[in-house]
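Reviewing the structure listed below.
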Amino acid sequence: MDRHNKGLTDDVRMRGFSRRQPVEAALEWLDSELRPLDAEVVPLQQAASRVLASPIDGEIDVPGFDRAMMDGYAVIASSTTGATLRDGIPLTVLGDSLPGYPYEGVVGIGEAVRIMTGSPLPVGCDAVLPAESVRNAAGADEADARALSGRVVNALAEVAPGRHIGRRGEDVARGARLFEAGRLLRPQDLGVLSSVGAREVRVVRKPRVRLVVTGNELVPSGSKPDGYRLVDANGPMLAALVERDHGVVDFPGLVPDTEDAILDALRADADVVIVSGGSSVGVQDLAPMLLATHGELAIHGISMRPGSPTGLGRFGHRLVFLLPGFPVSCLCAYDFFAGRAIRALGGRSKTWPYRSIRAKLTRTLTSPLGRLDYARVRVGEGGVEPLAISGASVLSSTTRAEGFLLIPADSEGFAAGTDVEVWLYG
């Protein structure tokens, strides 16, 4: 059941915003609402790039035995004392130790077992003499030898105790902490988990995200523009952004600009609802009042450009983001707010998934005090070239740009030559 609204209730349609909240205030409210979702268990093979929900300790030693780290002969190191190329020391070969097939006997002084890399070290041995340091008694190359048991080979070099041996538990020690909760699992992490026998992993559940794209002027993606109808650009863009942020997308299609249709979409089985369009102050901008009436509209109107008509709130257990319909505004507001929430709910870092660089601005970029501006820029050998701050409907300005920079609300802009931070789209 939808809880009673505890946030904004004023109808701003055709009146405008009496006050816009600073970006920091919107982020403060949002962060207070964010907690990682509950855990789910997934097969190990599906755990890459997932976030651990609980710590994992090693329950066994890996490897579970001492093993050879190179091809050669397992020996007691003192059996090779004094061995040189000129004065070889004879060793009696007892047999083989192969990967998965150990030599079952005990090795004594003056004896050896031919051993392959990764094979179990025979009982009694404390070193591996490399194959290149061994010749058979007749002088033939060891690789050509056929008979093993009882044959004599010559050690042509000394080997120290512990040399060329991998010890039990050197990879994973029984009882050791492998990974802490919150770790983003990498491919090599899955290898370690597999090595200790893990078949399943408890990870933070991916957020379910319902996309609600409204606008009676829109036709579905894949259609052709016709007359005064526009093709939906926000739906495919938002779906890709949600997937980038590891959310599970639910986007069944465009939603009519009617109270019943939008309200029904807000009731979706989801953790996050993103409404694109109908978030401003026009007569058909229904989503803010519906959210205020049936849920909680905590923030509506933010001091940023583009993205000013953005709204944040809750509908039952769902976080709701009202994003502007103009595509650049939609992209900007998603990155600032909705993407942050999806990443945090999934146990990931709230910070932007963009790489940043620093470079000098090629020309002056101005901005009024009291508003954060999101400027699309090109980055070249000459520096950072501003493309646009305005133009919220011109999505191609983001495809011509390598990235964006931010002009804080307490700044009037940057002079040409200023060293600025640029966030790169790619």
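To be explicit about the labels: the chains of the structure tokens are called A, B, and onward in the order shown, and within each one the residues are counted from 1, while ligands get numbers from 1 in the order they are shown.
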Can you write out as a Markdown table which residues of stretch 364-426 of chain A fall within 12 Å of stretch 316-326 of chain A, alongside each residue's closest atom pair and its distance in Å to one decimal, counting only C-alpha atoms and ordering rows by chain and ascending residue number?
```
| residue | atom | partner | partner_atom | distance |
| --- | --- | --- | --- | --- |
| A:Ser390 | CA | A:Phe326 | CA | 11.4 |
| A:Gly391 | CA | A:Phe326 | CA | 9.0 |
| A:Ala392 | CA | A:Phe326 | CA | 5.7 |
| A:Ser393 | CA | A:Phe326 | CA | 4.6 |
| A:Val394 | CA | A:Phe326 | CA | 8.0 |
| A:Leu395 | CA | A:Phe326 | CA | 8.3 |
| A:Ser396 | CA | A:Phe326 | CA | 11.9 |
```
Preceding selection exported with C-alpha atoms as a short mmCIF file (atom, residue, chain, number, x, y, z; two decimals), in the first residue's frame:
```cif
data_model
loop_
_atom_site.label_atom_id
_atom_site.label_comp_id
_atom_site.auth_asym_id
_atom_site.auth_seq_id
_atom_site.Cartn_x
_atom_site.Cartn_y
_atom_site.Cartn_z
CA SER A 390 22.31 24.89 -23.00
CA GLY A 391 20.58 22.80 -25.65
CA ALA A 392 18.92 20.23 -23.39
CA SER A 393 17.11 18.72 -26.38
CA VAL A 394 20.22 18.36 -28.58
CA LEU A 395 21.38 14.85 -27.70
CA SER A 396 23.93 14.85 -30.53
#
```
Got a sec: who's within 12 Å of A:Gln21, counting only C-alpha atoms, leaving out chain neighbours fewer than 3 positions off, as a PDB file with N, CA and C atoms, in the first residue's frame?
```pdb
ATOM      1  N   PHE A  17       8.641  26.808 -10.600  1.00  0.00           N
ATOM      2  CA  PHE A  17       9.210  26.464  -9.300  1.00  0.00           C
ATOM      3  C   PHE A  17       9.435  27.724  -8.484  1.00  0.00           C
ATOM      4  N   SER A  18       8.895  27.746  -7.268  1.00  0.00           N
ATOM      5  CA  SER A  18       9.153  28.898  -6.393  1.00  0.00           C
ATOM      6  C   SER A  18      10.581  28.859  -5.862  1.00  0.00           C
ATOM      7  N   GLU A  24      23.496  19.562  -3.952  1.00  0.00           N
ATOM      8  CA  GLU A  24      23.975  18.926  -2.719  1.00  0.00           C
ATOM      9  C   GLU A  24      22.822  18.485  -1.819  1.00  0.00           C
ATOM     10  N   ALA A  25      21.753  19.284  -1.779  1.00  0.00           N
ATOM     11  CA  ALA A  25      20.603  18.924  -0.951  1.00  0.00           C
ATOM     12  C   ALA A  25      19.901  17.690  -1.512  1.00  0.00           C
ATOM     13  N   ALA A  26      19.800  17.633  -2.846  1.00  0.00           N
ATOM     14  CA  ALA A  26      19.180  16.465  -3.475  1.00  0.00           C
ATOM     15  C   ALA A  26      20.013  15.208  -3.218  1.00  0.00           C
ATOM     16  N   LEU A  27      21.331  15.332  -3.307  1.00  0.00           N
ATOM     17  CA  LEU A  27      22.201  14.181  -3.054  1.00  0.00           C
ATOM     18  C   LEU A  27      22.147  13.765  -1.588  1.00  0.00           C
ATOM     19  N   GLU A  28      22.039  14.737  -0.690  1.00  0.00           N
ATOM     20  CA  GLU A  28      21.958  14.412   0.731  1.00  0.00           C
ATOM     21  C   GLU A  28      20.708  13.598   1.025  1.00  0.00           C
ATOM     22  N   TRP A  29      19.558  14.016   0.459  1.00  0.00           N
ATOM     23  CA  TRP A  29      18.328  13.245   0.659  1.00  0.00           C
ATOM     24  C   TRP A  29      18.479  11.850   0.058  1.00  0.00           C
ATOM     25  N   ALA A 298      10.002  14.129  -2.500  1.00  0.00           N
ATOM     26  CA  ALA A 298      10.922  14.773  -1.552  1.00  0.00           C
ATOM     27  C   ALA A 298      11.627  15.980  -2.153  1.00  0.00           C
ATOM     28  N   ILE A 299      11.962  15.891  -3.422  1.00  0.00           N
ATOM     29  CA  ILE A 299      12.688  16.956  -4.120  1.00  0.00           C
ATOM     30  C   ILE A 299      12.029  17.163  -5.469  1.00  0.00           C
ATOM     31  N   HIS A 300      11.786  18.425  -5.828  1.00  0.00           N
ATOM     32  CA  HIS A 300      11.287  18.726  -7.171  1.00  0.00           C
ATOM     33  C   HIS A 300      11.799  20.092  -7.577  1.00  0.00           C
ATOM     34  N   GLY A 301      12.625  20.097  -8.607  1.00  0.00           N
ATOM     35  CA  GLY A 301      13.277  21.329  -9.043  1.00  0.00           C
ATOM     36  C   GLY A 301      14.652  21.441  -8.399  1.00  0.00           C
ATOM     37  N   ILE A 302      15.692  21.373  -9.240  1.00  0.00           N
ATOM     38  CA  ILE A 302      17.072  21.363  -8.744  1.00  0.00           C
ATOM     39  C   ILE A 302      17.865  22.437  -9.484  1.00  0.00           C
ATOM     40  N   SER A 303      18.737  23.130  -8.766  1.00  0.00           N
ATOM     41  CA  SER A 303      19.528  24.228  -9.357  1.00  0.00           C
ATOM     42  C   SER A 303      20.674  23.667 -10.177  1.00  0.00           C
ATOM     43  N   MET A 304      20.324  23.175 -11.376  1.00  0.00           N
ATOM     44  CA  MET A 304      21.326  22.637 -12.288  1.00  0.00           C
ATOM     45  C   MET A 304      20.835  22.834 -13.719  1.00  0.00           C
ATOM     46  N   GLY A 307      18.647  19.708 -16.583  1.00  0.00           N
ATOM     47  CA  GLY A 307      18.102  18.810 -15.573  1.00  0.00           C
ATOM     48  C   GLY A 307      17.323  19.479 -14.475  1.00  0.00           C
ATOM     49  N   SER A 308      17.017  20.762 -14.632  1.00  0.00           N
ATOM     50  CA  SER A 308      16.350  21.513 -13.573  1.00  0.00           C
ATOM     51  C   SER A 308      15.027  20.902 -13.103  1.00  0.00           C
ATOM     52  N   PRO A 309      14.162  20.342 -13.985  1.00  0.00           N
ATOM     53  CA  PRO A 309      12.863  19.850 -13.507  1.00  0.00           C
ATOM     54  C   PRO A 309      12.918  18.474 -12.817  1.00  0.00           C
ATOM     55  N   THR A 310      14.090  17.986 -12.499  1.00  0.00           N
ATOM     56  CA  THR A 310      14.224  16.648 -11.908  1.00  0.00           C
ATOM     57  C   THR A 310      13.501  16.561 -10.563  1.00  0.00           C
ATOM     58  N   GLY A 311      12.896  15.398 -10.308  1.00  0.00           N
ATOM     59  CA  GLY A 311      12.264  15.141  -9.021  1.00  0.00           C
ATOM     60  C   GLY A 311      12.733  13.818  -8.436  1.00  0.00           C
ATOM     61  N   LEU A 312      12.774  13.751  -7.094  1.00  0.00           N
ATOM     62  CA  LEU A 312      13.179  12.531  -6.385  1.00  0.00           C
ATOM     63  C   LEU A 312      12.131  12.213  -5.325  1.00  0.00           C
ATOM     64  N   GLY A 370      24.877  30.265  -8.265  1.00  0.00           N
ATOM     65  CA  GLY A 370      23.699  29.628  -7.704  1.00  0.00           C
ATOM     66  C   GLY A 370      23.172  28.456  -8.496  1.00  0.00           C
ATOM     67  N   ARG A 371      23.850  28.096  -9.602  1.00  0.00           N
ATOM     68  CA  ARG A 371      23.384  26.978 -10.421  1.00  0.00           C
ATOM     69  C   ARG A 371      24.577  26.149 -10.881  1.00  0.00           C
ATOM     70  N   LEU A 372      24.494  24.835 -10.745  1.00  0.00           N
ATOM     71  CA  LEU A 372      25.522  23.954 -11.282  1.00  0.00           C
ATOM     72  C   LEU A 372      25.268  23.758 -12.768  1.00  0.00           C
ATOM     73  N   ALA A 409      28.002  25.594  -8.410  1.00  0.00           N
ATOM     74  CA  ALA A 409      27.032  26.664  -8.187  1.00  0.00           C
ATOM     75  C   ALA A 409      27.667  27.913  -7.593  1.00  0.00           C
TER      76      ALA A 409
END
```
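Atom pair atom CA of A:Asp410 / atom CA of A:Val379: separated by 24.7 Å.
Nearest to A:Lys360 of all the residues A:Ala338, A:Leu405, A:Leu185, A:Val420 is A:Val420, based on only C-alpha atoms.
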Any idea what's packed within 6 Å of stretch 63-80 of chain A, counting only C-alpha atoms, ignoring anything in its chain fewer than 2 positions away? Could you give it as an MDAnalysis selection string?
chainID A and resid 61 83 109:110 112:121 125:131 158:161 164:169
Keeping only C-alpha atoms, write the selected residues to a file as a JSON list (two decimals), in the first residue's frame.
```json
[["chain", "number", "residue", "atom", "x", "y", "z"],
["A", 61, "ASP", "CA", 44.46, -25.51, 2.00],
["A", 83, "ALA", "CA", 77.75, -32.33, -7.11],
["A", 109, "ILE", "CA", 69.52, -40.56, 0.82],
["A", 110, "GLY", "CA", 71.00, -41.24, -2.61],
["A", 112, "ALA", "CA", 65.37, -39.76, -6.48],
["A", 113, "VAL", "CA", 61.93, -39.73, -8.09],
["A", 114, "ARG", "CA", 61.42, -38.21, -11.51],
["A", 115, "ILE", "CA", 58.76, -35.51, -11.07],
["A", 116, "MET", "CA", 56.75, -33.17, -13.27],
["A", 117, "THR", "CA", 55.69, -29.58, -12.51],
["A", 118, "GLY", "CA", 52.69, -29.53, -10.16],
["A", 119, "SER", "CA", 53.12, -33.15, -9.07],
["A", 120, "PRO", "CA", 53.01, -34.16, -5.37],
["A", 121, "LEU", "CA", 56.37, -34.20, -3.62],
["A", 125, "CYS", "CA", 62.03, -35.33, -0.27],
["A", 126, "ASP", "CA", 62.78, -31.68, 0.49],
["A", 127, "ALA", "CA", 63.90, -30.31, -2.90],
["A", 128, "VAL", "CA", 63.57, -30.69, -6.66],
["A", 129, "LEU", "CA", 66.70, -30.95, -8.77],
["A", 130, "PRO", "CA", 65.99, -29.40, -12.21],
["A", 131, "ALA", "CA", 66.05, -31.74, -15.20],
["A", 158, "GLU", "CA", 73.75, -29.01, -5.72],
["A", 159, "VAL", "CA", 70.22, -28.07, -4.73],
["A", 160, "ALA", "CA", 69.26, -26.38, -1.45],
["A", 161, "PRO", "CA", 66.50, -27.63, 0.86],
["A", 164, "HIS", "CA", 61.71, -25.53, -6.46],
["A", 165, "ILE", "CA", 58.94, -26.65, -4.09],
["A", 166, "GLY", "CA", 55.49, -25.15, -3.62],
["A", 167, "ARG", "CA", 54.26, -25.66, -0.07],
["A", 168, "ARG", "CA", 50.84, -26.82, 1.06],
["A", 169, "GLY", "CA", 48.50, -23.86, 1.59]]
```
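Residue nearest A:Arg186, chosen from A:Thr81, A:Thr293, A:Gln46, A:Thr362 and counting only C-alpha atoms: A:Gln46.
Residues surrounding A:Glu200 within 8 Å are A:Val41, A:Val42, A:Pro43, A:Leu44 [only C-alpha atoms; sequence separation below 4 positions excluded].
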If you keep C-alpha atoms, can you produce a file of those selected residues as a PDB file, in the first residue's frame?
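Writing the result to result_35.pdb gives the following:
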```
ATOM      1  CA  VAL A  41      22.783 -16.911  -4.274  1.00  0.00           C
ATOM      2  CA  VAL A  42      24.106 -17.345  -7.812  1.00  0.00           C
ATOM      3  CA  PRO A  43      26.194 -20.078  -9.455  1.00  0.00           C
ATOM      4  CA  LEU A  44      29.925 -19.355  -9.391  1.00  0.00           C
TER       5      LEU A  44
END
```
Surrounding residues of A:Leu190 excluding itself and chain neighbours under 5 positions, 9 Å, only C-alpha atoms, as an mmCIF file with C-alpha atoms, in the first residue's frame:
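This went into result_3.cif:
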```cif
data_model
loop_
_atom_site.group_PDB
_atom_site.id
_atom_site.type_symbol
_atom_site.label_atom_id
_atom_site.label_comp_id
_atom_site.auth_asym_id
_atom_site.auth_seq_id
_atom_site.Cartn_x
_atom_site.Cartn_y
_atom_site.Cartn_z
ATOM 1 C CA LEU A 44 29.925 -19.355 -9.391
ATOM 2 C CA GLN A 45 29.989 -19.078 -13.200
ATOM 3 C CA ALA A 47 29.286 -14.264 -10.195
ATOM 4 C CA ALA A 48 31.750 -12.185 -12.252
ATOM 5 C CA LEU A 185 34.291 -10.041 -7.981
ATOM 6 C CA SER A 195 39.954 -23.657 -6.183
ATOM 7 C CA ALA A 198 32.828 -23.049 -4.110
#
```
Residues near A:Trp352, cut-off 10 Å, only C-alpha atoms, skip fewer than 6 positions along chain, as a list of chain:residue names:
A:Asp245, A:Asp335, A:Phe336, A:Gly339, A:Arg340, A:Arg343, A:Trp423
Within 9 Å of A:Arg208, counting only C-alpha atoms, which residues show up once you throw out same-chain ones fewer than 4 positions away? Write them as a list in words, please.
Gly247, Val248, Val249, Asp250, Asp269, Ala270, Asp271, Val272, Val273 and Ile342 of chain A
As a PyMOL selection string, please: every residue in stretch 125-320 of chain A that a backbone DSSP assignment puts in alpha helix (DSSP H).
chain A and resi 187-195+234-244+259-266+287-294
Keeping only C-alpha atoms, take the residues you just selected and write them out as an mmCIF file, in the first residue's frame.
```cif
data_model
loop_
_atom_site.group_PDB
_atom_site.id
_atom_site.type_symbol
_atom_site.label_atom_id
_atom_site.label_comp_id
_atom_site.auth_asym_id
_atom_site.auth_seq_id
_atom_site.Cartn_x
_atom_site.Cartn_y
_atom_site.Cartn_z
ATOM 1 C CA PRO A 187 37.586 -13.222 -13.042
ATOM 2 C CA GLN A 188 40.630 -14.193 -10.968
ATOM 3 C CA ASP A 189 38.483 -14.070 -7.826
ATOM 4 C CA LEU A 190 36.214 -16.697 -9.354
ATOM 5 C CA GLY A 191 39.300 -18.821 -9.991
ATOM 6 C CA VAL A 192 40.272 -18.644 -6.313
ATOM 7 C CA LEU A 193 36.719 -19.459 -5.215
ATOM 8 C CA SER A 194 36.631 -22.418 -7.563
ATOM 9 C CA SER A 195 39.954 -23.657 -6.183
ATOM 10 C CA ASN A 234 15.388 8.253 -23.895
ATOM 11 C CA GLY A 235 14.172 4.672 -23.587
ATOM 12 C CA PRO A 236 17.127 3.007 -25.349
ATOM 13 C CA MET A 237 19.575 5.433 -23.721
ATOM 14 C CA LEU A 238 18.231 4.833 -20.200
ATOM 15 C CA ALA A 239 18.097 1.063 -20.693
ATOM 16 C CA ALA A 240 21.775 1.059 -21.679
ATOM 17 C CA LEU A 241 22.692 3.278 -18.720
ATOM 18 C CA VAL A 242 20.842 1.039 -16.262
ATOM 19 C CA GLU A 243 22.577 -2.033 -17.660
ATOM 20 C CA ARG A 244 25.917 -0.241 -17.408
ATOM 21 C CA GLU A 259 -2.997 9.585 -14.656
ATOM 22 C CA ASP A 260 -4.102 5.957 -14.648
ATOM 23 C CA ALA A 261 -1.296 4.767 -16.946
ATOM 24 C CA ILE A 262 1.433 6.584 -15.020
ATOM 25 C CA LEU A 263 0.076 5.541 -11.638
ATOM 26 C CA ASP A 264 -0.096 1.930 -12.768
ATOM 27 C CA ALA A 265 3.536 2.121 -13.934
ATOM 28 C CA LEU A 266 4.604 3.541 -10.554
ATOM 29 C CA ALA A 287 4.069 12.544 -12.581
ATOM 30 C CA PRO A 288 5.068 15.021 -9.824
ATOM 31 C CA MET A 289 1.530 15.461 -8.478
ATOM 32 C CA LEU A 290 0.792 11.742 -8.736
ATOM 33 C CA LEU A 291 3.935 10.966 -6.746
ATOM 34 C CA ALA A 292 3.146 13.705 -4.212
ATOM 35 C CA THR A 293 -0.413 12.440 -3.774
ATOM 36 C CA HIS A 294 0.214 8.698 -3.624
#
```
Could you pull out the residues in stretch 311-375 of chain A that DSSP calls strand (DSSP E) from the backbone, as JSON, numbers by chain?
{"A": [311, 312, 313, 314, 315, 318, 319, 320, 321, 322, 323, 355, 356, 357, 358, 359, 360, 365, 366, 372, 373, 374, 375]}
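Among the candidates A:Val384, A:Ile274, A:Ser54, A:Arg19, the residue lying nearest to A:Phe337 is A:Ile274 (atoms considered: only C-alpha atoms).
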Take atom CA of A:Glu217 and atom CA of A:Val255 and report the distance between them in Å, one decimal.
11.1 Å
